>>> print(open('query.pdb').read())   # PDB, C-alpha atoms
ATOM      1  CA  MET A   1      29.400 201.603 169.625  1.00  0.00           C
ATOM      2  CA  SER A   2      30.506 204.336 167.239  1.00  0.00           C
ATOM      3  CA  SER A   3      28.078 206.821 165.753  1.00  0.00           C
ATOM      4  CA  GLU A   4      29.025 205.444 162.313  1.00  0.00           C
ATOM      5  CA  ALA A   5      27.711 201.977 163.119  1.00  0.00           C
ATOM      6  CA  THR A   6      24.599 203.414 164.767  1.00  0.00           C
ATOM      7  CA  GLN A   7      23.923 205.766 161.869  1.00  0.00           C
ATOM      8  CA  TYR A   8      23.884 202.943 159.345  1.00  0.00           C
ATOM      9  CA  ASP A   9      22.437 200.290 161.660  1.00  0.00           C
ATOM     10  CA  LEU A  10      25.323 197.934 160.917  1.00  0.00           C
ATOM     11  CA  PRO A  11      27.597 196.286 163.456  1.00  0.00           C
ATOM     12  CA  LEU A  12      30.931 197.990 164.014  1.00  0.00           C
ATOM     13  CA  PHE A  13      32.692 194.643 163.906  1.00  0.00           C
ATOM     14  CA  GLY A  14      31.477 191.907 161.636  1.00  0.00           C
ATOM     15  CA  PRO A  15      32.744 189.442 159.111  1.00  0.00           C
ATOM     16  CA  ARG A  16      36.419 189.573 158.289  1.00  0.00           C
ATOM     17  CA  LEU A  17      37.323 191.685 155.295  1.00  0.00           C
ATOM     18  CA  ALA A  18      40.689 190.011 154.700  1.00  0.00           C
ATOM     19  CA  ARG A  19      41.585 186.331 154.805  1.00  0.00           C
ATOM     20  CA  ASN A  20      44.255 184.931 157.094  1.00  0.00           C
ATOM     21  CA  ALA A  21      46.384 184.088 154.046  1.00  0.00           C
ATOM     22  CA  ASP A  22      46.148 187.643 152.637  1.00  0.00           C
ATOM     23  CA  GLY A  23      49.163 189.879 152.855  1.00  0.00           C
ATOM     24  CA  GLU A  24      49.717 192.607 155.404  1.00  0.00           C
ATOM     25  CA  THR A  25      48.524 195.333 153.031  1.00  0.00           C
ATOM     26  CA  SER A  26      45.141 193.608 152.665  1.00  0.00           C
ATOM     27  CA  HIS A  27      44.706 193.580 156.439  1.00  0.00           C
ATOM     28  CA  LEU A  28      45.786 197.215 156.722  1.00  0.00           C
ATOM     29  CA  GLY A  29      43.349 198.167 153.975  1.00  0.00           C
ATOM     30  CA  ALA A  30      40.518 196.233 155.626  1.00  0.00           C
ATOM     31  CA  ASN A  31      41.162 197.965 158.942  1.00  0.00           C
ATOM     32  CA  GLY A  32      41.283 201.346 157.239  1.00  0.00           C
ATOM     33  CA  VAL A  33      37.985 200.788 155.412  1.00  0.00           C
ATOM     34  CA  ARG A  34      36.288 199.782 158.658  1.00  0.00           C
ATOM     35  CA  GLU A  35      37.835 202.485 160.877  1.00  0.00           C
ATOM     36  CA  SER A  36      37.177 205.311 158.416  1.00  0.00           C
ATOM     37  CA  GLY A  37      33.477 204.480 158.230  1.00  0.00           C
ATOM     38  CA  GLN A  38      33.748 203.736 154.510  1.00  0.00           C
ATOM     39  CA  LEU A  39      32.615 200.142 155.070  1.00  0.00           C
ATOM     40  CA  ALA A  40      29.414 201.192 156.848  1.00  0.00           C
ATOM     41  CA  ARG A  41      28.633 203.922 154.305  1.00  0.00           C
ATOM     42  CA  GLN A  42      29.182 201.633 151.332  1.00  0.00           C
ATOM     43  CA  ALA A  43      27.285 198.724 152.881  1.00  0.00           C
ATOM     44  CA  ALA A  44      24.334 200.988 153.718  1.00  0.00           C
ATOM     45  CA  ALA A  45      24.280 202.433 150.189  1.00  0.00           C
ATOM     46  CA  VAL A  46      24.431 198.975 148.589  1.00  0.00           C
ATOM     47  CA  LEU A  47      21.692 197.671 150.886  1.00  0.00           C
ATOM     48  CA  ALA A  48      19.466 200.666 150.078  1.00  0.00           C
ATOM     49  CA  ALA A  49      19.974 200.109 146.334  1.00  0.00           C
ATOM     50  CA  LEU A  50      19.305 196.384 146.725  1.00  0.00           C
ATOM     51  CA  ARG A  51      16.069 197.090 148.588  1.00  0.00           C
ATOM     52  CA  ARG A  52      14.966 199.360 145.728  1.00  0.00           C
ATOM     53  CA  HIS A  53      16.075 196.868 143.056  1.00  0.00           C
ATOM     54  CA  PRO A  54      15.851 193.287 144.423  1.00  0.00           C
ATOM     55  CA  GLY A  55      17.123 190.614 142.083  1.00  0.00           C
ATOM     56  CA  SER A  56      19.896 192.809 140.673  1.00  0.00           C
ATOM     57  CA  THR A  57      23.452 191.730 139.939  1.00  0.00           C
ATOM     58  CA  SER A  58      26.361 193.545 141.547  1.00  0.00           C
ATOM     59  CA  ALA A  59      27.212 195.203 138.211  1.00  0.00           C
ATOM     60  CA  GLU A  60      23.630 196.416 137.828  1.00  0.00           C
ATOM     61  CA  LEU A  61      23.666 197.824 141.349  1.00  0.00           C
ATOM     62  CA  ALA A  62      26.962 199.591 140.635  1.00  0.00           C
ATOM     63  CA  GLU A  63      25.457 201.177 137.549  1.00  0.00           C
ATOM     64  CA  LEU A  64      22.295 202.221 139.413  1.00  0.00           C
ATOM     65  CA  MET A  65      24.399 203.681 142.236  1.00  0.00           C
ATOM     66  CA  GLU A  66      26.834 205.327 139.830  1.00  0.00           C
ATOM     67  CA  ALA A  67      29.553 203.595 141.823  1.00  0.00           C
ATOM     68  CA  ASP A  68      32.661 201.629 141.004  1.00  0.00           C
ATOM     69  CA  ARG A  69      31.725 198.030 140.183  1.00  0.00           C
ATOM     70  CA  TYR A  70      33.867 196.781 143.058  1.00  0.00           C
ATOM     71  CA  CYS A  71      31.762 198.539 145.698  1.00  0.00           C
ATOM     72  CA  PRO A  72      28.683 196.278 145.516  1.00  0.00           C
ATOM     73  CA  SER A  73      30.826 193.272 144.564  1.00  0.00           C
ATOM     74  CA  ARG A  74      32.690 193.570 147.861  1.00  0.00           C
ATOM     75  CA  ARG A  75      29.809 194.694 150.071  1.00  0.00           C
ATOM     76  CA  LEU A  76      27.153 192.166 148.987  1.00  0.00           C
ATOM     77  CA  PRO A  77      28.997 189.147 150.479  1.00  0.00           C
ATOM     78  CA  TYR A  78      29.573 191.228 153.624  1.00  0.00           C
ATOM     79  CA  LEU A  79      25.837 192.013 153.820  1.00  0.00           C
ATOM     80  CA  CYS A  80      25.113 188.331 153.190  1.00  0.00           C
ATOM     81  CA  GLU A  81      27.273 187.313 156.147  1.00  0.00           C
ATOM     82  CA  LEU A  82      25.427 189.845 158.305  1.00  0.00           C
ATOM     83  CA  GLY A  83      22.111 188.292 157.280  1.00  0.00           C
ATOM     84  CA  LEU A  84      20.967 191.416 155.421  1.00  0.00           C
ATOM     85  CA  ALA A  85      21.232 190.065 151.858  1.00  0.00           C
ATOM     86  CA  LYS A  86      21.174 186.685 150.149  1.00  0.00           C
ATOM     87  CA  ARG A  87      22.283 185.226 146.854  1.00  0.00           C
ATOM     88  CA  GLY A  88      19.551 184.181 144.461  1.00  0.00           C
ATOM     89  CA  GLU A  89      19.272 180.529 143.580  1.00  0.00           C
ATOM     90  CA  GLN A  90      19.451 181.164 139.832  1.00  0.00           C
ATOM     91  CA  LYS A  91      21.948 183.144 137.794  1.00  0.00           C
ATOM     92  CA  ARG A  92      20.792 185.265 134.880  1.00  0.00           C
ATOM     93  CA  ALA A  93      22.252 187.396 132.122  1.00  0.00           C
ATOM     94  CA  CYS A  94      23.354 190.695 133.613  1.00  0.00           C
ATOM     95  CA  HIS A  95      22.139 193.763 131.731  1.00  0.00           C
ATOM     96  CA  VAL A  96      25.561 195.377 132.208  1.00  0.00           C
ATOM     97  CA  THR A  97      28.077 192.585 131.625  1.00  0.00           C
ATOM     98  CA  LYS A  98      25.912 190.433 129.331  1.00  0.00           C
ATOM     99  CA  ARG A  99      27.189 187.385 131.243  1.00  0.00           C
ATOM    100  CA  ALA A 100      25.497 184.971 133.620  1.00  0.00           C
ATOM    101  CA  CYS A 101      25.763 186.540 137.061  1.00  0.00           C
ATOM    102  CA  THR A 102      24.552 185.992 140.585  1.00  0.00           C
ATOM    103  CA  VAL A 103      21.489 187.962 141.571  1.00  0.00           C
ATOM    104  CA  TRP A 104      21.026 189.343 145.068  1.00  0.00           C
ATOM    105  CA  PHE A 105      18.033 189.960 147.290  1.00  0.00           C
ATOM    106  CA  PRO A 106      17.564 191.856 150.553  1.00  0.00           C
ATOM    107  CA  VAL A 107      16.627 189.859 153.628  1.00  0.00           C
ATOM    108  CA  SER A 108      13.782 191.313 155.634  1.00  0.00           C
ATOM    109  CA  GLY A 109      14.108 191.448 159.380  1.00  0.00           C
ATOM    110  CA  GLY A 110      17.645 192.781 159.712  1.00  0.00           C
ATOM    111  CA  ALA A 111      20.904 191.353 160.928  1.00  0.00           C
ATOM    112  CA  LYS A 112      21.412 187.999 162.639  1.00  0.00           C
TER     113      LYS A 112
END
>>> encode(input="query.pdb", output="structure tokens")
Amino acid sequence: MSSEATQYDLPLFGPRLARNADGETSHLGANGVRESGQLARQAAAVLAALRRHPGSTSAELAELMEADRYCPSRRLPYLCELGLAKRGEQKRACHVTKRACTVWFPVSGGAK
């Protein structure tokens, strides 16, 4: 196991980041994000923010993290598949987008 995966306590290999139907560039990008350690760093940062602010939307987490809105939007489903986060049952108005959005919660106990 790489030091990157150990450092962030996330599996080196996990859910797929690109779909079978996605183009070659999507698969190359997914491999690059994973191999560079960017996936683990981003996922760990999103999970830490989610633990501090449970019930947040992805846009709210992005604002709190001072990150691009796509970072939590892409990493939350990944964390969900790893059993580290879950979608809330109710949507609510996001403080950032002013639209009804999914809220997210951390899952205690760690990965599956």
>>> resolve_selection(input="query.pdb", expression="the PyMOL selection byres ((chain A and resi 58) around 8)", output="list in words")
Ser56, Thr57, Ala59, Glu60, Leu61, Ala62, Arg69, Pro72, Ser73, Leu76, Thr102, Val103 and Trp104 of chain A
>>> closest_residue(input="query.pdb", among="A:Ala43, A:Glu35, A:Glu63, A:His53", to="His95 of chain A", atoms="only C-alpha atoms")
A:Glu63
>>> atom_distance(input="query.pdb", atom1="atom CA of Val46 of chain A", atom2="atom CA of Ala21 of chain A")
27.1 Å
>>> closest_residue(input="query.pdb", among="A:Ala100, A:Gln42, A:Pro106, A:Leu82", to="Asp68 of chain A", atoms="only C-alpha atoms")
A:Gln42
>>> atom_distance(input="query.pdb", atom1="atom CA of Tyr78 of chain A", atom2="atom CA of Gly55 of chain A")
17.0 Å
>>> residues_near_point(input="query.pdb", point="(25.6, 202.7, 151.8)", cutoff="12 Å", atoms="only C-alpha atoms", output="PyMOL selection string")
chain A and resi 4-5+7-10+37-51+61-62+65+67+71-72+75-76+79
>>> closest_residue(input="query.pdb", among="A:Ser36, A:Glu66, A:Arg74, A:Phe105", to="Gln90 of chain A", atoms="all atoms listed in the file")
A:Phe105
>>> atom_distance(input="query.pdb", atom1="atom CA of Ala93 of chain A", atom2="atom CA of Tyr70 of chain A")
18.5 Å
